[in-house]
>>> print(open('start_32.cif').read())   # mmCIF, C-alpha atoms
data_final
#
loop_
_atom_site.group_PDB
_atom_site.id
_atom_site.type_symbol
_atom_site.label_atom_id
_atom_site.label_comp_id
_atom_site.auth_asym_id
_atom_site.auth_seq_id
_atom_site.Cartn_x
_atom_site.Cartn_y
_atom_site.Cartn_z
ATOM 1 C CA MET K 1 -106.132 71.144 -93.685
ATOM 2 C CA ASP K 2 -104.866 69.840 -90.338
ATOM 3 C CA LEU K 3 -101.109 69.263 -90.673
ATOM 4 C CA SER K 4 -100.480 68.227 -87.075
ATOM 5 C CA VAL K 5 -98.131 65.304 -86.625
ATOM 6 C CA GLY K 6 -100.218 62.186 -86.037
ATOM 7 C CA THR K 7 -103.188 63.373 -88.099
ATOM 8 C CA GLN K 8 -104.699 60.486 -90.065
ATOM 9 C CA LEU K 9 -105.641 60.828 -93.725
ATOM 10 C CA PRO K 10 -109.195 59.886 -94.753
ATOM 11 C CA PRO K 11 -108.807 56.217 -95.755
ATOM 12 C CA PHE K 12 -109.192 54.976 -99.320
ATOM 13 C CA VAL K 13 -111.327 51.813 -99.156
ATOM 14 C CA ARG K 14 -112.171 49.221 -101.790
ATOM 15 C CA GLU K 15 -113.787 45.805 -101.861
ATOM 16 C CA THR K 16 -111.291 43.739 -103.809
ATOM 17 C CA GLY K 17 -111.609 40.758 -106.110
ATOM 18 C CA LEU K 18 -111.503 39.760 -109.752
ATOM 19 C CA GLU K 19 -113.390 42.842 -110.932
ATOM 20 C CA ASN K 20 -110.588 45.119 -109.661
ATOM 21 C CA TRP K 21 -107.721 42.797 -110.562
ATOM 22 C CA ASN K 22 -108.874 42.051 -114.108
ATOM 23 C CA ARG K 23 -109.089 45.771 -114.830
ATOM 24 C CA PHE K 24 -105.618 46.328 -113.405
ATOM 25 C CA ALA K 25 -104.284 43.345 -115.380
ATOM 26 C CA ALA K 26 -105.700 44.962 -118.503
ATOM 27 C CA VAL K 27 -103.835 48.254 -118.035
ATOM 28 C CA MET K 28 -100.598 46.635 -116.781
ATOM 29 C CA ASP K 29 -100.639 43.624 -119.134
ATOM 30 C CA GLU K 30 -100.314 41.550 -115.971
ATOM 31 C CA PHE K 31 -102.316 38.448 -116.793
ATOM 32 C CA VAL K 32 -100.696 36.149 -114.254
ATOM 33 C CA PRO K 33 -102.784 33.038 -113.494
ATOM 34 C CA HIS K 34 -102.628 33.403 -109.696
ATOM 35 C CA HIS K 35 -104.275 36.837 -110.013
ATOM 36 C CA MET K 36 -107.150 35.411 -112.059
ATOM 37 C CA ASP K 37 -107.789 31.842 -111.063
ATOM 38 C CA ASP K 38 -108.405 30.253 -107.644
ATOM 39 C CA GLU K 39 -106.710 26.993 -108.558
ATOM 40 C CA ALA K 40 -103.569 28.853 -109.668
ATOM 41 C CA GLY K 41 -103.672 30.831 -106.423
ATOM 42 C CA LYS K 42 -103.830 27.591 -104.444
ATOM 43 C CA LYS K 43 -100.807 26.274 -106.321
ATOM 44 C CA SER K 44 -98.972 29.401 -105.083
ATOM 45 C CA GLY K 45 -99.877 28.439 -101.504
ATOM 46 C CA MET K 46 -102.797 30.843 -101.066
ATOM 47 C CA PRO K 47 -106.486 30.109 -100.384
ATOM 48 C CA GLY K 48 -107.331 31.256 -103.916
ATOM 49 C CA ALA K 49 -106.585 34.004 -106.413
ATOM 50 C CA PHE K 50 -104.887 37.086 -104.989
ATOM 51 C CA GLY K 51 -104.311 40.676 -106.088
ATOM 52 C CA MET K 52 -101.338 42.467 -107.579
ATOM 53 C CA GLY K 53 -98.793 44.153 -105.330
ATOM 54 C CA ASN K 54 -98.707 47.142 -107.657
ATOM 55 C CA LEU K 55 -102.412 47.744 -107.098
ATOM 56 C CA GLN K 56 -101.618 48.267 -103.398
ATOM 57 C CA SER K 57 -99.175 50.937 -104.566
ATOM 58 C CA SER K 58 -101.924 52.593 -106.627
ATOM 59 C CA TYR K 59 -104.313 52.518 -103.657
ATOM 60 C CA MET K 60 -101.685 54.300 -101.543
ATOM 61 C CA HIS K 61 -101.247 56.902 -104.314
ATOM 62 C CA ASN K 62 -105.041 57.345 -104.483
ATOM 63 C CA LEU K 63 -105.093 57.886 -100.719
ATOM 64 C CA ILE K 64 -102.428 60.595 -100.999
ATOM 65 C CA ARG K 65 -104.020 62.277 -104.025
ATOM 66 C CA ASP K 66 -107.486 62.371 -102.457
ATOM 67 C CA TRP K 67 -105.992 63.971 -99.348
ATOM 68 C CA MET K 68 -103.541 66.477 -100.846
ATOM 69 C CA GLY K 69 -105.803 67.883 -103.603
ATOM 70 C CA GLU K 70 -104.566 70.046 -106.437
ATOM 71 C CA ASN K 71 -102.015 71.988 -104.336
ATOM 72 C CA GLY K 72 -99.894 68.945 -103.528
ATOM 73 C CA ARG K 73 -97.158 67.045 -105.333
ATOM 74 C CA ILE K 74 -95.823 63.654 -104.371
ATOM 75 C CA LYS K 75 -92.040 64.039 -104.192
ATOM 76 C CA ASN K 76 -91.147 60.523 -103.198
ATOM 77 C CA PHE K 77 -92.780 57.277 -102.242
ATOM 78 C CA THR K 78 -91.675 53.935 -100.817
ATOM 79 C CA ILE K 79 -93.496 50.640 -100.447
ATOM 80 C CA GLN K 80 -92.751 47.251 -98.971
ATOM 81 C CA TRP K 81 -95.141 44.391 -99.468
ATOM 82 C CA GLN K 82 -96.073 42.288 -96.428
ATOM 83 C CA ASN K 83 -98.971 40.001 -97.360
ATOM 84 C CA VAL K 84 -101.024 39.282 -100.439
ATOM 85 C CA ASN K 85 -104.450 40.819 -101.083
ATOM 86 C CA LEU K 86 -106.888 37.893 -100.780
ATOM 87 C CA LYS K 87 -110.074 37.697 -102.830
ATOM 88 C CA ASP K 88 -113.298 39.241 -101.516
ATOM 89 C CA THR K 89 -111.615 41.237 -98.769
ATOM 90 C CA ILE K 90 -111.985 44.945 -98.073
ATOM 91 C CA VAL K 91 -108.710 46.817 -98.418
ATOM 92 C CA SER K 92 -108.137 50.139 -96.702
ATOM 93 C CA ALA K 93 -105.217 52.368 -97.613
ATOM 94 C CA LYS K 94 -104.389 54.536 -94.622
ATOM 95 C CA GLY K 95 -101.856 57.197 -93.728
ATOM 96 C CA ARG K 96 -100.676 59.423 -90.937
ATOM 97 C CA ILE K 97 -98.564 62.593 -90.877
ATOM 98 C CA SER K 98 -95.154 61.828 -89.370
ATOM 99 C CA SER K 99 -93.458 65.220 -89.792
ATOM 100 C CA VAL K 100 -93.835 68.637 -91.407
ATOM 101 C CA GLU K 101 -90.970 70.853 -92.572
ATOM 102 C CA GLU K 102 -90.802 74.256 -94.211
ATOM 103 C CA ALA K 103 -89.510 73.895 -97.784
ATOM 104 C CA ASP K 104 -89.045 75.938 -100.930
ATOM 105 C CA GLY K 105 -92.538 76.574 -102.230
ATOM 106 C CA GLY K 106 -94.501 75.316 -99.267
ATOM 107 C CA LYS K 107 -94.541 72.624 -96.614
ATOM 108 C CA LEU K 108 -92.952 69.220 -97.020
ATOM 109 C CA VAL K 109 -95.184 66.699 -95.285
ATOM 110 C CA SER K 110 -93.916 63.208 -94.489
ATOM 111 C CA LEU K 111 -96.451 60.413 -94.317
ATOM 112 C CA ASP K 112 -96.480 56.873 -92.962
ATOM 113 C CA LEU K 113 -98.654 54.700 -95.183
ATOM 114 C CA TRP K 114 -100.118 51.230 -95.071
ATOM 115 C CA THR K 115 -102.789 49.025 -96.554
ATOM 116 C CA GLU K 116 -104.688 46.512 -94.454
ATOM 117 C CA ASP K 117 -107.614 44.190 -95.016
ATOM 118 C CA ASN K 118 -110.783 43.659 -92.989
ATOM 119 C CA ASN K 119 -109.155 40.653 -91.265
ATOM 120 C CA ASP K 120 -106.480 42.916 -89.718
ATOM 121 C CA ARG K 121 -103.808 41.684 -92.101
ATOM 122 C CA MET K 122 -101.185 44.280 -93.023
ATOM 123 C CA LEU K 123 -100.716 44.095 -96.798
ATOM 124 C CA ALA K 124 -98.121 46.781 -97.448
ATOM 125 C CA THR K 125 -96.302 49.565 -95.623
ATOM 126 C CA GLY K 126 -94.735 52.663 -97.074
ATOM 127 C CA THR K 127 -93.823 56.306 -96.747
ATOM 128 C CA ALA K 128 -94.202 59.426 -98.855
ATOM 129 C CA LYS K 129 -93.104 63.033 -98.902
ATOM 130 C CA VAL K 130 -95.624 65.503 -100.264
ATOM 131 C CA LEU K 131 -94.971 69.156 -101.090
ATOM 132 C CA LEU K 132 -98.029 71.247 -100.294
ATOM 133 C CA ALA K 133 -97.853 74.600 -102.066
ATOM 134 C CA ALA K 134 -98.018 77.678 -99.855
ATOM 135 C CA MET V 1 -76.236 31.075 -85.498
ATOM 136 C CA SER V 2 -74.494 32.523 -88.524
ATOM 137 C CA ASP V 3 -71.116 34.115 -88.112
ATOM 138 C CA ALA V 4 -70.619 36.980 -90.565
ATOM 139 C CA SER V 5 -66.896 36.271 -90.790
ATOM 140 C CA THR V 6 -67.442 32.686 -91.961
ATOM 141 C CA ALA V 7 -70.834 32.971 -93.683
ATOM 142 C CA THR V 8 -71.120 32.069 -97.332
ATOM 143 C CA SER V 9 -71.135 35.014 -99.708
ATOM 144 C CA TYR V 10 -73.116 34.921 -102.934
ATOM 145 C CA ILE V 11 -71.374 37.983 -104.393
ATOM 146 C CA THR V 12 -68.638 37.001 -106.819
ATOM 147 C CA ASP V 13 -66.020 39.241 -108.407
ATOM 148 C CA GLU V 14 -67.962 38.969 -111.670
ATOM 149 C CA MET V 15 -71.139 40.197 -109.967
ATOM 150 C CA ARG V 16 -69.243 43.000 -108.204
ATOM 151 C CA ALA V 17 -67.775 44.136 -111.525
ATOM 152 C CA ALA V 18 -71.272 44.315 -113.016
ATOM 153 C CA ILE V 19 -72.522 46.944 -110.518
ATOM 154 C CA GLY V 20 -73.542 50.057 -112.452
ATOM 155 C CA ARG V 21 -73.965 48.213 -115.748
ATOM 156 C CA GLU V 22 -76.976 48.966 -117.882
ATOM 157 C CA LEU V 23 -79.662 46.292 -117.932
ATOM 158 C CA GLY V 24 -81.673 47.853 -120.712
ATOM 159 C CA THR V 25 -83.125 50.990 -122.263
ATOM 160 C CA ARG V 26 -86.613 51.342 -123.678
ATOM 161 C CA SER V 27 -88.837 54.130 -124.948
ATOM 162 C CA SER V 28 -92.610 54.226 -124.757
ATOM 163 C CA TYR V 29 -95.135 54.937 -127.438
ATOM 164 C CA PRO V 30 -96.594 58.444 -126.966
ATOM 165 C CA ILE V 31 -98.918 58.372 -123.951
ATOM 166 C CA SER V 32 -102.504 58.656 -125.160
ATOM 167 C CA ALA V 33 -105.476 60.177 -123.367
ATOM 168 C CA SER V 34 -107.105 56.763 -123.581
ATOM 169 C CA ASP V 35 -104.129 55.131 -121.784
ATOM 170 C CA ILE V 36 -104.485 57.624 -118.927
ATOM 171 C CA ARG V 37 -108.263 57.254 -118.699
ATOM 172 C CA LYS V 38 -108.144 53.467 -118.625
ATOM 173 C CA TRP V 39 -105.413 53.432 -115.961
ATOM 174 C CA ALA V 40 -107.357 55.828 -113.743
ATOM 175 C CA ILE V 41 -110.621 53.918 -114.196
ATOM 176 C CA ALA V 42 -108.840 50.672 -113.228
ATOM 177 C CA VAL V 43 -107.142 51.952 -110.078
ATOM 178 C CA TYR V 44 -110.187 53.870 -108.789
ATOM 179 C CA PHE V 45 -112.707 51.124 -109.707
ATOM 180 C CA PRO V 46 -115.606 50.858 -108.960
ATOM 181 C CA GLU V 47 -115.845 54.599 -108.275
ATOM 182 C CA SER V 48 -115.099 57.149 -110.962
ATOM 183 C CA PRO V 49 -111.593 58.614 -111.066
ATOM 184 C CA PRO V 50 -111.051 62.360 -110.633
ATOM 185 C CA ASP V 51 -112.082 64.377 -113.678
ATOM 186 C CA LYS V 52 -108.482 65.499 -114.310
ATOM 187 C CA TYR V 53 -107.651 61.936 -115.405
ATOM 188 C CA THR V 54 -110.560 61.590 -117.784
ATOM 189 C CA GLY V 55 -111.072 65.087 -119.141
ATOM 190 C CA ALA V 56 -114.716 64.744 -118.223
ATOM 191 C CA GLY V 57 -114.923 68.113 -116.582
ATOM 192 C CA GLY V 58 -112.477 70.315 -118.445
ATOM 193 C CA PRO V 59 -111.357 71.814 -121.744
ATOM 194 C CA ASP V 60 -109.181 70.029 -124.312
ATOM 195 C CA ALA V 61 -105.967 70.423 -122.306
ATOM 196 C CA PRO V 62 -103.566 67.446 -122.253
ATOM 197 C CA LEU V 63 -104.389 64.984 -119.498
ATOM 198 C CA THR V 64 -101.956 64.420 -116.641
ATOM 199 C CA ALA V 65 -101.228 60.796 -115.758
ATOM 200 C CA PRO V 66 -101.440 59.468 -112.202
ATOM 201 C CA GLU V 67 -97.936 59.354 -110.711
ATOM 202 C CA GLU V 68 -97.666 55.562 -110.787
ATOM 203 C CA PHE V 69 -98.913 55.222 -114.394
ATOM 204 C CA ASN V 70 -96.935 52.711 -116.462
ATOM 205 C CA PRO V 71 -96.397 53.815 -120.092
ATOM 206 C CA PHE V 72 -94.520 50.599 -120.925
ATOM 207 C CA ALA V 73 -97.381 48.128 -120.421
ATOM 208 C CA TRP V 74 -98.225 45.930 -123.398
ATOM 209 C CA ALA V 75 -95.646 47.167 -125.907
ATOM 210 C CA SER V 76 -92.715 49.448 -126.606
ATOM 211 C CA PRO V 77 -91.395 50.464 -130.041
ATOM 212 C CA GLY V 78 -88.822 48.018 -131.341
ATOM 213 C CA LYS V 79 -89.408 45.507 -128.551
ATOM 214 C CA LYS V 80 -91.058 42.192 -129.272
ATOM 215 C CA PRO V 81 -93.339 40.999 -126.482
ATOM 216 C CA LYS V 82 -91.678 38.210 -124.559
ATOM 217 C CA LYS V 83 -92.414 36.204 -121.474
ATOM 218 C CA PRO V 84 -90.809 37.879 -118.455
ATOM 219 C CA ASP V 85 -87.975 36.029 -116.734
ATOM 220 C CA VAL V 86 -89.320 35.392 -113.226
ATOM 221 C CA SER V 87 -86.494 33.082 -112.171
ATOM 222 C CA ALA V 88 -84.224 33.875 -109.233
ATOM 223 C CA ALA V 89 -81.434 34.426 -111.784
ATOM 224 C CA PHE V 90 -83.265 37.056 -113.850
ATOM 225 C CA LEU V 91 -80.749 39.832 -113.169
ATOM 226 C CA GLU V 92 -77.635 37.868 -114.028
ATOM 227 C CA ASN V 93 -79.395 36.371 -117.061
ATOM 228 C CA GLN V 94 -79.876 39.912 -118.351
ATOM 229 C CA LEU V 95 -76.241 40.748 -117.648
ATOM 230 C CA GLY V 96 -74.919 37.521 -119.167
ATOM 231 C CA ILE V 97 -72.992 36.577 -116.023
ATOM 232 C CA THR V 98 -73.069 33.543 -113.737
ATOM 233 C CA PRO V 99 -75.982 33.803 -111.277
ATOM 234 C CA PRO V 100 -75.612 33.165 -107.549
ATOM 235 C CA ALA V 101 -76.729 29.767 -106.279
ATOM 236 C CA THR V 102 -79.949 31.066 -104.718
ATOM 237 C CA LYS V 103 -83.300 29.338 -104.987
ATOM 238 C CA THR V 104 -85.837 31.746 -103.531
ATOM 239 C CA ILE V 105 -86.625 35.305 -104.538
ATOM 240 C CA LEU V 106 -88.659 37.839 -102.553
ATOM 241 C CA ASN V 107 -89.711 41.400 -103.310
ATOM 242 C CA GLY V 108 -87.712 43.710 -101.043
ATOM 243 C CA GLY V 109 -89.583 46.900 -101.807
ATOM 244 C CA THR V 110 -89.469 49.965 -104.005
ATOM 245 C CA VAL V 111 -88.278 53.540 -103.497
ATOM 246 C CA VAL V 112 -89.500 56.170 -105.956
ATOM 247 C CA GLU V 113 -88.406 59.771 -106.479
ATOM 248 C CA TYR V 114 -90.807 61.783 -108.637
ATOM 249 C CA GLY V 115 -89.857 64.615 -110.999
ATOM 250 C CA VAL V 116 -92.143 66.240 -113.565
ATOM 251 C CA PRO V 117 -95.535 64.608 -114.181
ATOM 252 C CA MET V 118 -96.260 62.438 -117.228
ATOM 253 C CA MET V 119 -98.648 64.116 -119.656
ATOM 254 C CA GLU V 120 -100.698 63.002 -122.619
ATOM 255 C CA GLY V 121 -98.376 63.007 -125.677
ATOM 256 C CA ASP V 122 -95.181 62.404 -123.690
ATOM 257 C CA VAL V 123 -92.666 59.786 -124.813
ATOM 258 C CA ILE V 124 -90.879 58.265 -121.836
ATOM 259 C CA THR V 125 -87.399 56.755 -122.042
ATOM 260 C CA ALA V 126 -86.261 54.413 -119.284
ATOM 261 C CA THR V 127 -82.741 53.281 -118.506
ATOM 262 C CA ASN V 128 -82.380 50.485 -116.001
ATOM 263 C CA ARG V 129 -79.081 49.726 -114.247
ATOM 264 C CA LEU V 130 -77.797 47.279 -111.687
ATOM 265 C CA ASP V 131 -77.455 49.531 -108.660
ATOM 266 C CA ASN V 132 -75.889 47.298 -106.028
ATOM 267 C CA TYR V 133 -75.433 43.914 -104.406
ATOM 268 C CA THR V 134 -75.324 43.732 -100.616
ATOM 269 C CA GLU V 135 -75.727 40.919 -98.092
ATOM 270 C CA LYS V 136 -77.062 40.401 -94.592
ATOM 271 C CA GLN V 137 -77.198 37.385 -92.360
ATOM 272 C CA GLY V 138 -80.683 36.113 -91.553
ATOM 273 C CA LYS V 139 -82.222 33.152 -89.740
ATOM 274 C CA ARG V 140 -82.172 31.203 -93.006
ATOM 275 C CA GLY V 141 -78.562 32.081 -93.832
ATOM 276 C CA THR V 142 -77.156 34.667 -96.180
ATOM 277 C CA LEU V 143 -79.654 37.057 -97.744
ATOM 278 C CA LEU V 144 -78.568 38.632 -101.017
ATOM 279 C CA PHE V 145 -80.074 42.079 -101.663
ATOM 280 C CA SER V 146 -79.950 43.121 -105.321
ATOM 281 C CA SER V 147 -81.118 46.569 -106.320
ATOM 282 C CA THR V 148 -81.784 48.080 -109.713
ATOM 283 C CA LYS V 149 -82.306 51.731 -110.551
ATOM 284 C CA ASP V 150 -84.696 52.653 -113.359
ATOM 285 C CA GLU V 151 -84.580 56.301 -114.481
ATOM 286 C CA TRP V 152 -87.364 57.716 -116.635
ATOM 287 C CA THR V 153 -87.091 60.931 -118.631
ATOM 288 C CA ASN V 154 -89.519 62.588 -121.024
ATOM 289 C CA GLN V 155 -88.876 63.801 -124.582
ATOM 290 C CA ARG V 156 -87.480 67.083 -123.187
ATOM 291 C CA GLY V 157 -84.942 65.213 -121.065
ATOM 292 C CA GLU V 158 -86.730 66.084 -117.827
ATOM 293 C CA MET V 159 -86.583 63.539 -115.018
ATOM 294 C CA VAL V 160 -89.977 61.890 -114.544
ATOM 295 C CA LYS V 161 -89.055 59.367 -111.901
ATOM 296 C CA ARG V 162 -86.267 57.257 -110.463
ATOM 297 C CA THR V 163 -87.241 53.897 -109.071
ATOM 298 C CA THR V 164 -84.943 51.753 -106.972
ATOM 299 C CA SER V 165 -86.257 48.212 -106.710
ATOM 300 C CA THR V 166 -84.805 45.580 -104.418
ATOM 301 C CA VAL V 167 -85.141 41.827 -104.531
ATOM 302 C CA ILE V 168 -84.008 39.544 -101.726
ATOM 303 C CA ARG V 169 -82.593 36.151 -102.659
ATOM 304 C CA LEU V 170 -81.614 33.218 -100.493
#
>>> encode(input="start_32.cif", output="structure tokens")
Amino acid sequence: MDLSVGTQLPPFVRETGLENWNRFAAVMDEFVPHHMDDEAGKKSGMPGAFGMGNLQSSYMHNLIRDWMGENGRIKNFTIQWQNVNLKDTIVSAKGRISSVEEADGGKLVSLDLWTEDNNDRMLATGTAKVLLAA
Amino acid sequence: MSDASTATSYITDEMRAAIGRELGTRSSYPISASDIRKWAIAVYFPESPPDKYTGAGGPDAPLTAPEEFNPFAWASPGKKPKKPDVSAAFLENQLGITPPATKTILNGGTVVEYGVPMMEGDVITATNRLDNYTEKQGKRGTLLFSSTKDEWTNQRGEMVKRTTSTVIRL
């Protein structure tokens, strides 16, 4: 695994829409009209229904998990939401190594994270620290 | 332009005195393998989640939950389902104190520290506290930052995660 500062993680990419959001609503009990109905989304000032902020958080976690494998542990994670996930857009969760330190039990890797859609809209930004076992 | 020395403050003595107060404690039902599988299927949809979240490829060992799994969705023992308070005064309503005269609420982000992983069979207890009130001056006037800290432990008392959530009100 290349742990050079600046290395990008393989992106986690999903087409997003009601099929994703309804499943997430079902496990979160998050049946909010603007996540399910275009008219409700329009009443919230959006072009239509839009996705849950917490699903962006899960996509960032998926990105980290797919990259770190079984030898890694997420020690901490931050997220700030920038824009909503609009229906029928492709969302990519991306990350880049910002620093690497020696730590008890391995290397502590700091990551810059973000999700963006296929219209170059930044949806969320974040950071994480991951302990990779020696 | 706002002048910090003359700007309006939303933080009252009553609000300041409430910093550190508990907002609520709740315990989860035991986490089931089905809860973990359904969560993983939802967040990896339409592709299949890793086998470790479904048990599809391994022996009958307890499943490990994805880090961001929520064991409190739908129901908690002793808690009746109720409509969440999404008003700008939700924090002070919980504390039973006078809310600030803000009209708009924005999500200011989340900071999470992870401890031991959640496993199938675990019972998670969460204690949520008012962490702090702070203010900054913005283009639209005073911005009130309110943070809460939610600490989760498992049935062995091990720290599972600490989440600091911030809302911005104006």
>>> closest_residue(input="start_32.cif", among="K:Ser57, K:Thr16, K:Asn83, K:Asn71", to="Leu106 of chain V", atoms="all atoms listed in the file")
K:Asn83
>>> closest_residue(input="start_32.cif", among="V:Arg21, V:Lys103, V:Lys38, V:Lys79", to="chain K", atoms="all atoms listed in the file")
V:Lys38
>>> residues_around(input="start_32.cif", residues="segment 117-124 of chain K", least_positions_apart="6", cutoff="10 Å", atoms="all atoms listed in the file", output="MDAnalysis selection string")
(chainID K and resid 13:16 53 56:57 60 79:86 88:93) or (chainID V and resid 109)
>>> interface_residues(input="start_32.cif", of="chain K", to="chain V", cutoff="6 Å", atoms="all atoms listed in the file", output="PyMOL selection string")
chain K and resi 23-24+27-29+75-80
>>> residues_near_point(input="start_32.cif", point="(-102.6, 60.1, -124.6)", cutoff="12 Å", atoms="all atoms listed in the file", output="count of residues only")
29
>>> atom_distance(input="start_32.cif", atom1="atom CA of Thr127 of chain K", atom2="atom CA of Leu63 of chain K")
12.1 Å
>>> closest_residue(input="start_32.cif", among="K:Ala25, K:Ala134, K:Leu9, K:Leu18", to="Asn54 of chain K", atoms="all atoms listed in the file")
K:Ala25
>>> decode(input="start_32.cif", residues="segment 30-103 of chain V", atoms="C-alpha atoms", output="PDB file, in the first residue's frame")
ATOM      1  CA  PRO V  30     -29.278  -6.072  21.584  1.00  0.00           C
ATOM      2  CA  ILE V  31     -27.781  -5.589  18.117  1.00  0.00           C
ATOM      3  CA  SER V  32     -28.920  -8.437  15.883  1.00  0.00           C
ATOM      4  CA  ALA V  33     -27.112  -9.977  12.930  1.00  0.00           C
ATOM      5  CA  SER V  34     -30.079  -8.934  10.817  1.00  0.00           C
ATOM      6  CA  ASP V  35     -29.676  -5.271  11.898  1.00  0.00           C
ATOM      7  CA  ILE V  36     -26.032  -5.343  10.790  1.00  0.00           C
ATOM      8  CA  ARG V  37     -26.777  -7.079   7.490  1.00  0.00           C
ATOM      9  CA  LYS V  38     -29.557  -4.679   6.560  1.00  0.00           C
ATOM     10  CA  TRP V  39     -27.439  -1.622   7.413  1.00  0.00           C
ATOM     11  CA  ALA V  40     -24.534  -2.879   5.310  1.00  0.00           C
ATOM     12  CA  ILE V  41     -26.788  -3.788   2.377  1.00  0.00           C
ATOM     13  CA  ALA V  42     -28.322  -0.284   2.487  1.00  0.00           C
ATOM     14  CA  VAL V  43     -25.071   1.682   2.589  1.00  0.00           C
ATOM     15  CA  TYR V  44     -23.298  -0.426  -0.061  1.00  0.00           C
ATOM     16  CA  PHE V  45     -26.357  -0.683  -2.364  1.00  0.00           C
ATOM     17  CA  PRO V  46     -26.549  -1.700  -5.187  1.00  0.00           C
ATOM     18  CA  GLU V  47     -23.337  -3.704  -4.757  1.00  0.00           C
ATOM     19  CA  SER V  48     -23.016  -6.372  -2.100  1.00  0.00           C
ATOM     20  CA  PRO V  49     -21.414  -5.379   1.201  1.00  0.00           C
ATOM     21  CA  PRO V  50     -18.233  -7.099   2.399  1.00  0.00           C
ATOM     22  CA  ASP V  51     -18.830 -10.633   3.649  1.00  0.00           C
ATOM     23  CA  LYS V  52     -17.807  -9.681   7.208  1.00  0.00           C
ATOM     24  CA  TYR V  53     -21.052  -7.691   7.519  1.00  0.00           C
ATOM     25  CA  THR V  54     -23.303 -10.452   6.275  1.00  0.00           C
ATOM     26  CA  GLY V  55     -21.624 -13.628   7.468  1.00  0.00           C
ATOM     27  CA  ALA V  56     -21.885 -14.912   3.929  1.00  0.00           C
ATOM     28  CA  GLY V  57     -18.336 -16.127   3.796  1.00  0.00           C
ATOM     29  CA  GLY V  58     -17.476 -17.173   7.327  1.00  0.00           C
ATOM     30  CA  PRO V  59     -18.276 -19.348  10.329  1.00  0.00           C
ATOM     31  CA  ASP V  60     -20.908 -18.532  12.961  1.00  0.00           C
ATOM     32  CA  ALA V  61     -18.809 -15.845  14.659  1.00  0.00           C
ATOM     33  CA  PRO V  62     -20.625 -12.683  15.816  1.00  0.00           C
ATOM     34  CA  LEU V  63     -20.849 -10.072  13.084  1.00  0.00           C
ATOM     35  CA  THR V  64     -19.052  -6.750  13.457  1.00  0.00           C
ATOM     36  CA  ALA V  65     -21.095  -3.648  12.651  1.00  0.00           C
ATOM     37  CA  PRO V  66     -19.856  -0.927  10.303  1.00  0.00           C
ATOM     38  CA  GLU V  67     -18.421   1.933  12.370  1.00  0.00           C
ATOM     39  CA  GLU V  68     -21.276   4.335  11.639  1.00  0.00           C
ATOM     40  CA  PHE V  69     -24.040   1.788  12.385  1.00  0.00           C
ATOM     41  CA  ASN V  70     -26.929   3.220  14.409  1.00  0.00           C
ATOM     42  CA  PRO V  71     -28.332   0.772  17.002  1.00  0.00           C
ATOM     43  CA  PHE V  72     -30.979   3.282  18.125  1.00  0.00           C
ATOM     44  CA  ALA V  73     -32.978   3.482  14.883  1.00  0.00           C
ATOM     45  CA  TRP V  74     -36.670   2.643  15.149  1.00  0.00           C
ATOM     46  CA  ALA V  75     -36.926   1.886  18.870  1.00  0.00           C
ATOM     47  CA  SER V  76     -35.184   1.728  22.219  1.00  0.00           C
ATOM     48  CA  PRO V  77     -36.402  -0.122  25.328  1.00  0.00           C
ATOM     49  CA  GLY V  78     -38.656   2.039  27.461  1.00  0.00           C
ATOM     50  CA  LYS V  79     -38.855   4.830  24.892  1.00  0.00           C
ATOM     51  CA  LYS V  80     -42.075   5.512  23.049  1.00  0.00           C
ATOM     52  CA  PRO V  81     -41.557   6.568  19.439  1.00  0.00           C
ATOM     53  CA  LYS V  82     -42.157  10.275  19.079  1.00  0.00           C
ATOM     54  CA  LYS V  83     -41.813  12.847  16.368  1.00  0.00           C
ATOM     55  CA  PRO V  84     -38.363  14.449  16.566  1.00  0.00           C
ATOM     56  CA  ASP V  85     -38.196  18.122  17.513  1.00  0.00           C
ATOM     57  CA  VAL V  86     -36.650  19.770  14.445  1.00  0.00           C
ATOM     58  CA  SER V  87     -37.256  23.336  15.608  1.00  0.00           C
ATOM     59  CA  ALA V  88     -34.414  25.792  16.160  1.00  0.00           C
ATOM     60  CA  ALA V  89     -35.179  25.544  19.895  1.00  0.00           C
ATOM     61  CA  PHE V  90     -34.818  21.756  20.148  1.00  0.00           C
ATOM     62  CA  LEU V  91     -31.889  21.857  22.578  1.00  0.00           C
ATOM     63  CA  GLU V  92     -33.411  24.279  25.051  1.00  0.00           C
ATOM     64  CA  ASN V  93     -36.760  22.476  24.781  1.00  0.00           C
ATOM     65  CA  GLN V  94     -35.000  19.328  25.976  1.00  0.00           C
ATOM     66  CA  LEU V  95     -33.334  21.236  28.803  1.00  0.00           C
ATOM     67  CA  GLY V  96     -36.517  23.052  29.821  1.00  0.00           C
ATOM     68  CA  ILE V  97     -34.905  26.488  29.533  1.00  0.00           C
ATOM     69  CA  THR V  98     -35.738  29.590  27.503  1.00  0.00           C
ATOM     70  CA  PRO V  99     -34.441  29.227  23.925  1.00  0.00           C
ATOM     71  CA  PRO V 100     -32.479  31.952  22.145  1.00  0.00           C
ATOM     72  CA  ALA V 101     -34.402  34.117  19.692  1.00  0.00           C
ATOM     73  CA  THR V 102     -32.949  32.442  16.598  1.00  0.00           C
ATOM     74  CA  LYS V 103     -34.962  31.480  13.548  1.00  0.00           C
TER      75      LYS V 103
END
